[in-house]
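Below is one structure, written out as structure tokens, with a few remarks after it.
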Amino acid sequence: MNGPKAVDVRGLGREYVRRRRPPRTALDGLDLTVAPGEVHGLLGPNGAGKTTLCKILSTVLLPTSGTAEVFGRDVVTDTGTVRRSIGIVFGGERGLYGRLTARQNLRYWSTLYRQPTAVGKTRSAELLDRLGLADRADERVETFSRGMKQRLHLARGLIGDPRLLILDEPTIGMDPVAARDFRVLVGELRAEGRTILVTTHDMAEAEAVCDRVSLIDGGKLVATEDPRTIGSWLTTYERVVAEDVPPAVAESIRAIRGVRSAAEDNGTVVVETEAAGAAAEVVQVLAKAGVVTMSTGKPSLADVYLHVIGDRGSVVR
């Protein structure tokens with residue numbers, strides 16, 4: 001890779017001190033690199049450390065240990081330069097001024113980036129049009145729907161013409177049409193050469209927009225890979241679905257080494273395996289028992305997510 005990485009995190013740690021309770025570790029020696037021009041997804045359950053990482057990269061929060069650089073600039077020692085190169089979109093409705101119009105919000109944020117008045121005026125108009133808000137540009141934001149506010153958040157994140165755009169749950173509150181338009185926008189931003197770091201629980205979204213994704217759990221990096229080939233991480237994980245399976249056969253399948261589970265419902269059995277060769281052995285047992293309706297398949301991104309991290313209340317769509 002020529003030149004500095006867009007994001008270079010080494011041994012990053014962050015602890016939250018809590019009164020009368022032990023400190024809570026949000027990041028625990030995390031390593032992560034993101035190449036310039038890459039769309040990189042961060043996936044993990046609630047409390048995994050994704051938002052804490054984004055806050056450190058955006059200079060909102062100081063790390064407890066380790067280092068983090070954005071385009072070769074340290075987020076602690078060169079804060080001003082880092083801030084000028086990034087745009088931030090955090091989930092929720094914070095950061096917008098309800099009594100101001102959408103245009104006034106963007107003009108205000110433009111001045112914080114010290115853009116000339118003419119530049120701020122032009123960029124505000126362009127972004128309002130690009131995000132589908134031009135016809136509501138001069139209405140107060142407090143009258144906007146949640147989805148419209150989220151689109152305005154995206155416009156605000158782009159107002160400073162950032163090299164790195166940090167998106168924390170960017171499609172929260174968007175309807176399916178707006179979410180689709182967001183994915184198109186990400187493609188356009190990538191084509192412009194921008195780097196995008198996006199956190200999401202939506203597996204379809206990650207597969208649609210990301211070049212690579214990183215699974216984070218307990219403040220640590222679990223794995224990083226291309227989302228469209230993520231099943232190759234765990235080629236031993238396979239699923240076998242069979243119909244009209246006698247109860248005794250289902251029980252024998254559960255005893256096969258490498259079978260993680262065999263859920264039964266009205267004669268249909270869904271078998272999850274986690275060892276090489278286990279799926280083939282399951283198919284042989286089913287065939288010998290006279291079962292003729294069956295199928296096998298590799299895990300989806302959602303399946304792998306649950307295999308690696310487990311279901312701890314995160315939303316898998």
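Each chain in the structure tokens gets a letter, A, B and so on, in the order shown; residues start at 1 in every chain, and ligands are counted from 1 in the order they appear.
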key: Surrounding residues of Pro247 in chain A excluding itself and chain neighbours under 5 positions, 10 Å, only C-alpha atoms, as an MDAnalysis selection string   = chainID A and resid 252:253 264 266:269
Residues from last step as file, all heavy atoms, as an mmCIF file, in the first residue's frame:
data_model
loop_
_atom_site.group_PDB
_atom_site.id
_atom_site.type_symbol
_atom_site.label_atom_id
_atom_site.label_comp_id
_atom_site.auth_asym_id
_atom_site.auth_seq_id
_atom_site.Cartn_x
_atom_site.Cartn_y
_atom_site.Cartn_z
ATOM 1 N N SER A 252 -29.935 -39.392 15.985
ATOM 2 C CA SER A 252 -28.627 -39.932 15.612
ATOM 3 C C SER A 252 -27.747 -38.863 14.967
ATOM 4 O O SER A 252 -26.525 -38.879 15.116
ATOM 5 C CB SER A 252 -28.800 -41.126 14.670
ATOM 6 O OG SER A 252 -29.352 -40.717 13.421
ATOM 7 N N ILE A 253 -28.381 -37.944 14.258
ATOM 8 C CA ILE A 253 -27.623 -36.849 13.639
ATOM 9 C C ILE A 253 -26.992 -35.970 14.712
ATOM 10 O O ILE A 253 -25.844 -35.521 14.581
ATOM 11 C CB ILE A 253 -28.545 -36.026 12.712
ATOM 12 C CG1 ILE A 253 -28.858 -36.835 11.448
ATOM 13 C CG2 ILE A 253 -27.901 -34.684 12.351
ATOM 14 C CD1 ILE A 253 -29.885 -36.181 10.558
ATOM 15 N N GLU A 264 -35.556 -29.505 15.035
ATOM 16 C CA GLU A 264 -36.602 -30.290 14.392
ATOM 17 C C GLU A 264 -37.943 -29.587 14.516
ATOM 18 O O GLU A 264 -38.300 -29.080 15.585
ATOM 19 C CB GLU A 264 -36.674 -31.674 15.041
ATOM 20 C CG GLU A 264 -37.605 -32.648 14.346
ATOM 21 C CD GLU A 264 -37.574 -34.007 15.003
ATOM 22 O OE1 GLU A 264 -36.861 -34.159 16.011
ATOM 23 O OE2 GLU A 264 -38.273 -34.917 14.511
ATOM 24 N N ASN A 266 -41.850 -30.480 12.963
ATOM 25 C CA ASN A 266 -42.800 -31.219 12.125
ATOM 26 C C ASN A 266 -42.114 -32.048 11.041
ATOM 27 O O ASN A 266 -42.522 -32.046 9.875
ATOM 28 C CB ASN A 266 -43.813 -30.266 11.487
ATOM 29 C CG ASN A 266 -44.718 -29.611 12.515
ATOM 30 O OD1 ASN A 266 -45.097 -30.239 13.509
ATOM 31 N ND2 ASN A 266 -45.068 -28.349 12.279
ATOM 32 N N GLY A 267 -41.053 -32.727 11.412
ATOM 33 C CA GLY A 267 -40.376 -33.607 10.474
ATOM 34 C C GLY A 267 -39.288 -32.959 9.651
ATOM 35 O O GLY A 267 -38.509 -33.641 8.986
ATOM 36 N N THR A 268 -39.212 -31.621 9.676
ATOM 37 C CA THR A 268 -38.134 -30.910 8.982
ATOM 38 C C THR A 268 -37.004 -30.650 9.971
ATOM 39 O O THR A 268 -37.234 -30.107 11.053
ATOM 40 C CB THR A 268 -38.625 -29.582 8.392
ATOM 41 O OG1 THR A 268 -39.640 -29.841 7.421
ATOM 42 C CG2 THR A 268 -37.474 -28.823 7.735
ATOM 43 N N VAL A 269 -35.799 -31.022 9.587
ATOM 44 C CA VAL A 269 -34.639 -30.857 10.462
ATOM 45 C C VAL A 269 -33.650 -29.903 9.800
ATOM 46 O O VAL A 269 -33.317 -30.064 8.615
ATOM 47 C CB VAL A 269 -33.960 -32.216 10.743
ATOM 48 C CG1 VAL A 269 -32.672 -32.006 11.547
ATOM 49 C CG2 VAL A 269 -34.901 -33.132 11.506
#
task = From a DSSP calculation on the backbone, collect every residue of range 53-273 of chain A in strand (DSSP E or B) and output the set as number ranges by chain.
result = A: 65-70, 73-74, 86-89, 101, 140, 164-168, 195-199, 212-217, 220-225, 237-242, 259-265, 268-273
Put those residues in a file: C-alpha atoms, as a tab-separated table (two decimals), in the first residue's frame.
chain	number	residue	atom	x	y	z
A	65	SER	CA	-3.75	3.02	25.42
A	66	GLY	CA	-2.43	2.32	21.93
A	67	THR	CA	-2.41	4.60	18.90
A	68	ALA	CA	-4.80	5.65	16.16
A	69	GLU	CA	-3.86	7.52	12.99
A	70	VAL	CA	-5.96	8.99	10.19
A	73	ARG	CA	-1.86	11.85	11.55
A	74	ASP	CA	-2.20	10.86	15.20
A	86	ILE	CA	-13.02	13.71	8.48
A	87	GLY	CA	-16.79	13.92	8.42
A	88	ILE	CA	-18.92	12.30	11.12
A	89	VAL	CA	-22.46	10.94	11.12
A	101	THR	CA	-33.80	25.21	8.62
A	140	ARG	CA	-37.33	24.03	10.21
A	164	LEU	CA	-12.70	9.99	5.58
A	165	LEU	CA	-16.41	9.73	6.32
A	166	ILE	CA	-17.36	7.96	9.56
A	167	LEU	CA	-20.93	6.65	9.58
A	168	ASP	CA	-22.36	5.17	12.78
A	195	THR	CA	-12.77	6.46	2.45
A	196	ILE	CA	-15.83	5.37	4.42
A	197	LEU	CA	-16.00	3.62	7.79
A	198	VAL	CA	-19.52	2.43	8.54
A	199	THR	CA	-20.96	0.62	11.56
A	212	ARG	CA	-14.32	-5.40	3.63
A	213	VAL	CA	-15.95	-5.92	7.00
A	214	SER	CA	-14.47	-6.41	10.46
A	215	LEU	CA	-16.25	-8.35	13.18
A	216	ILE	CA	-15.65	-6.78	16.60
A	217	ASP	CA	-16.60	-8.36	19.92
A	220	LYS	CA	-11.31	-6.96	20.08
A	221	LEU	CA	-11.03	-7.65	16.37
A	222	VAL	CA	-12.40	-11.11	15.57
A	223	ALA	CA	-11.81	-11.19	11.81
A	224	THR	CA	-11.69	-9.01	8.67
A	225	GLU	CA	-12.68	-10.10	5.17
A	237	TYR	CA	-19.78	-24.32	8.83
A	238	GLU	CA	-22.50	-25.74	6.64
A	239	ARG	CA	-26.25	-26.14	6.89
A	240	VAL	CA	-28.27	-29.19	5.91
A	241	VAL	CA	-32.06	-28.96	5.63
A	242	ALA	CA	-34.05	-32.18	5.30
A	259	VAL	CA	-22.87	-31.19	14.45
A	260	ARG	CA	-23.58	-28.02	16.35
A	261	SER	CA	-27.36	-28.32	16.38
A	262	ALA	CA	-30.21	-30.18	14.72
A	263	ALA	CA	-33.46	-28.28	15.17
A	264	GLU	CA	-36.60	-30.29	14.39
A	265	ASP	CA	-40.02	-28.94	13.42
A	268	THR	CA	-38.13	-30.91	8.98
A	269	VAL	CA	-34.64	-30.86	10.46
A	270	VAL	CA	-32.18	-27.97	10.11
A	271	VAL	CA	-28.65	-29.13	10.89
A	272	GLU	CA	-25.81	-26.69	11.61
A	273	THR	CA	-22.28	-28.14	11.42
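Considering the residues A:Pro116, A:Leu43, A:Thr79, A:Lys149 and counting only C-alpha atoms, Arg94 in chain A has its shortest atom-to-atom contact with A:Lys149.
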request  = Please measure the separation of CA of Gly13 in chain A and CA of Leu30 in chain A, giving the value in Å to one decimal.
outcome  = 6.6 Å
message = Rounded to one decimal, what separation in Å do you get between CA of Thr52 in chain A and CA of Ala179 in chain A?
response =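 Computing the Euclidean distance for CA of Thr52 in chain A and CA of Ala179 in chain A yields 24.2 Å.
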